[in-house]
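Trainee: Pasting structure-v9.cif below, which is mmCIF, C-alpha atoms.
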```cif
data_input
#
loop_
_atom_site.label_atom_id
_atom_site.label_comp_id
_atom_site.auth_asym_id
_atom_site.auth_seq_id
_atom_site.Cartn_x
_atom_site.Cartn_y
_atom_site.Cartn_z
CA MET Z 679 69.32 126.09 121.13
CA GLN Z 680 68.51 122.42 120.44
CA ASN Z 681 68.66 122.95 116.66
CA LYS Z 682 71.97 124.79 116.93
CA MET Z 683 73.52 121.95 118.93
CA LYS Z 684 72.11 119.36 116.53
CA GLU Z 685 73.70 121.24 113.64
CA GLU Z 686 77.01 121.43 115.49
CA ALA Z 687 76.94 117.68 116.16
CA GLU Z 688 76.25 117.06 112.47
CA LYS Z 689 79.18 119.29 111.46
CA TRP Z 690 81.53 117.35 113.74
CA MET Z 691 80.29 114.12 112.16
CA GLU Z 692 80.89 115.53 108.68
CA LYS Z 693 84.47 116.34 109.71
CA SER Z 694 84.79 112.81 111.06
CA GLU Z 695 83.63 111.32 107.77
CA LYS Z 696 86.10 113.49 105.84
CA ASP Z 697 88.92 112.30 108.09
CA MET Z 698 87.83 108.69 107.44
CA SER Z 699 87.99 109.31 103.71
CA ASP Z 700 91.43 110.90 104.04
CA ALA Z 701 92.61 108.05 106.29
CA LYS Z 702 91.53 105.55 103.62
CA PHE Z 703 93.31 107.52 100.88
CA ASN Z 704 96.51 107.61 102.90
CA LEU Z 705 96.22 103.92 103.78
CA ASP Z 706 95.80 103.04 100.10
CA ASN Z 707 98.86 105.13 99.26
CA ASN Z 708 101.09 103.71 102.01
CA ARG Z 709 101.16 106.89 104.07
CA LEU Z 710 100.64 104.76 107.11
CA GLU Z 711 101.41 107.17 109.94
CA THR Z 712 99.14 109.80 108.41
CA SER Z 713 96.39 107.23 107.95
CA ALA Z 714 96.64 106.13 111.60
CA PHE Z 715 96.58 109.73 112.82
CA LEU Z 716 93.53 110.53 110.70
CA SER Z 717 91.82 107.38 111.94
CA HIS Z 718 92.28 108.68 115.48
CA GLN Z 719 90.98 112.09 114.45
CA ALA Z 720 87.90 110.62 112.79
CA ALA Z 721 87.04 108.66 115.93
CA GLU Z 722 87.68 111.68 118.13
CA LYS Z 723 85.40 113.91 116.08
CA ALA Z 724 82.68 111.25 115.97
CA LEU Z 725 82.80 110.89 119.75
CA LYS Z 726 82.73 114.65 120.19
CA SER Z 727 79.72 114.74 117.89
CA ALA Z 728 78.03 112.17 120.13
CA HIS Z 729 78.92 114.20 123.23
CA ILE Z 730 77.40 117.34 121.72
CA ARG Z 731 74.26 115.37 120.85
CA LEU Z 732 73.93 113.97 124.37
CA PHE Z 733 75.06 116.91 126.50
CA ASN Z 734 74.65 119.99 124.25
CA HIS Z 735 78.27 121.10 124.48
CA LEU Z 736 81.68 120.34 123.03
CA ILE Z 737 84.24 118.68 125.24
CA LYS Z 738 87.90 119.39 124.53
CA VAL Z 739 89.55 116.04 125.23
CA HIS Z 740 91.80 113.95 122.99
CA ASP Z 741 91.68 110.72 125.02
CA LEU Z 742 89.26 108.52 123.10
CA ALA Z 743 88.61 106.14 126.00
CA ASP Z 744 87.68 109.09 128.20
CA LEU Z 745 85.38 110.45 125.49
CA GLY Z 746 83.91 107.00 124.96
CA ARG Z 747 83.12 106.56 128.64
CA LYS Z 748 81.49 109.99 128.77
CA VAL Z 749 79.10 109.07 125.94
CA GLY Z 750 78.32 105.58 127.23
CA ALA Z 751 80.31 103.51 124.77
CA SER Z 752 80.27 99.74 125.20
CA LYS Z 753 83.31 97.73 126.30
CA ALA Z 754 83.90 96.77 122.68
CA MET Z 755 83.92 100.44 121.62
CA LEU Z 756 86.19 101.35 124.53
CA LYS Z 757 88.61 98.65 123.39
CA CYS Z 758 88.70 100.32 119.96
CA CYS Z 759 89.28 103.68 121.66
CA ASP Z 760 92.18 102.28 123.70
CA ALA Z 761 93.74 100.80 120.56
CA LEU Z 762 93.51 104.14 118.72
CA ASN Z 763 94.76 106.39 121.53
CA PRO Z 764 98.50 105.91 120.91
CA HIS Z 765 98.17 107.10 117.31
CA TYR Z 766 97.46 110.64 118.49
CA ILE Z 767 100.99 111.04 119.88
CA GLU Z 768 103.08 108.41 118.11
CA THR Z 769 102.28 109.72 114.64
CA ARG Z 770 103.11 113.34 115.47
CA TYR Z 771 106.38 113.07 117.33
CA LEU Z 772 109.73 111.40 116.79
CA VAL Z 773 108.83 108.09 118.34
CA ASP Z 774 110.79 105.09 117.13
CA ILE Z 775 107.84 103.16 115.75
CA GLY Z 776 107.75 101.84 112.24
CA TYR Z 777 104.15 101.80 111.09
CA SER Z 778 103.15 98.67 109.24
CA LYS Z 779 100.24 98.27 106.89
CA LYS Z 780 98.58 96.05 109.50
CA MET Z 781 98.88 98.74 112.19
CA ALA Z 782 97.33 101.36 109.92
CA LYS Z 783 94.56 98.96 108.78
CA ASP Z 784 93.76 98.08 112.39
CA ALA Z 785 93.54 101.77 113.27
CA PHE Z 786 91.26 102.39 110.30
CA ARG Z 787 88.96 99.47 111.23
CA ASN Z 788 88.74 100.57 114.86
CA SER Z 789 87.88 104.07 113.76
CA GLU Z 790 85.22 102.78 111.36
CA LYS Z 791 83.54 100.94 114.25
CA ILE Z 792 83.52 104.04 116.45
CA VAL Z 793 82.25 106.33 113.71
CA LYS Z 794 79.48 103.87 112.79
CA TRP Z 795 78.44 103.59 116.46
CA ALA Z 796 78.43 107.37 116.94
CA LYS Z 797 76.37 107.88 113.78
CA LYS Z 798 73.70 105.55 115.14
CA LEU Z 799 73.65 107.57 118.34
CA LEU Z 800 73.07 110.80 116.38
CA LYS Z 801 69.96 109.31 114.77
CA LYS Z 802 68.25 108.79 118.13
#
```
Before anything else, please render the file you have as structure tokens.

Mentor:
Amino acid sequence: MQNKMKEEAEKWMEKSEKDMSDAKFNLDNNRLETSAFLSHQAAEKALKSAHIRLFNHLIKVHDLADLGRKVGASKAMLKCCDALNPHYIETRYLVDIGYSKKMAKDAFRNSEKIVKWAKKLLKK
């Protein structure tokens, strides 16, 4: 059972890393909303990977701050989670927000921090 859950956590992290790569591609090509959404997704999958590693089951939550608290993220990581949370909704619905390059870059950087933190947790 332990090996199966470890493999599942690793698969979620692989998905997270792919989303990071896709977020970067979209950022570089000025597809800013898509980049921000994928940044959120990368962080979400990394946190779910950490949750699987710690608790041996997947949790179906999209709120990054909630996920972060569940896996023991620091205040700094929770701040990144809070900053990323709006991108889950605002990029998918007709919300009157014009995404700037700075907004998308900030989302990408916050996601990078979360993914890096979660990867360290997986190595424990």

Trainee: Carefully work through the PyMOL selection byres ((chain Z and resi 693-709) around 12) for this structure and note down the residues it includes, as a ChimeraX atom specification.

Mentor: /Z:686-692,710-728,769,776-794,796-797

Trainee: What separation in Å, quoted to one decimal, exists between atom CA of Gln680 of chain Z and atom CA of Val739 of chain Z?

Mentor: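 Distance between the two atoms: 22.5 Å.
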
Trainee: For atom CA of Arg731 of chain Z and atom CA of Ile767 of chain Z, determine how far apart the two atoms are, in Å to one decimal place.

Mentor: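 The value is 27.1 Å.
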
Trainee: Enumerate, as a VMD selection string, the residues matched when the PyMOL selection byres ((chain Z and resi 749-757) around 8) is run on the file above.

Mentor: chain Z and resid 725 728 to 729 732 742 to 743 745 to 748 758 to 761 791 to 792

Trainee: Keeping only C-alpha atoms, write the selected residues to a file as a PDB file, in the coordinates of the input.

Mentor:
```
ATOM      1  CA  LEU Z 725      82.800 110.890 119.750  1.00  0.00           C
ATOM      2  CA  ALA Z 728      78.030 112.170 120.130  1.00  0.00           C
ATOM      3  CA  HIS Z 729      78.920 114.200 123.230  1.00  0.00           C
ATOM      4  CA  LEU Z 732      73.930 113.970 124.370  1.00  0.00           C
ATOM      5  CA  LEU Z 742      89.260 108.520 123.100  1.00  0.00           C
ATOM      6  CA  ALA Z 743      88.610 106.140 126.000  1.00  0.00           C
ATOM      7  CA  LEU Z 745      85.380 110.450 125.490  1.00  0.00           C
ATOM      8  CA  GLY Z 746      83.910 107.000 124.960  1.00  0.00           C
ATOM      9  CA  ARG Z 747      83.120 106.560 128.640  1.00  0.00           C
ATOM     10  CA  LYS Z 748      81.490 109.990 128.770  1.00  0.00           C
ATOM     11  CA  CYS Z 758      88.700 100.320 119.960  1.00  0.00           C
ATOM     12  CA  CYS Z 759      89.280 103.680 121.660  1.00  0.00           C
ATOM     13  CA  ASP Z 760      92.180 102.280 123.700  1.00  0.00           C
ATOM     14  CA  ALA Z 761      93.740 100.800 120.560  1.00  0.00           C
ATOM     15  CA  LYS Z 791      83.540 100.940 114.250  1.00  0.00           C
ATOM     16  CA  ILE Z 792      83.520 104.040 116.450  1.00  0.00           C
TER      17      ILE Z 792
END
```

Trainee: Calculate how many Å separate atom CA of Ile730 of chain Z from atom CA of Glu768 of chain Z, rounding to one decimal.

Mentor: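 These two atoms are separated by 27.4 Å.
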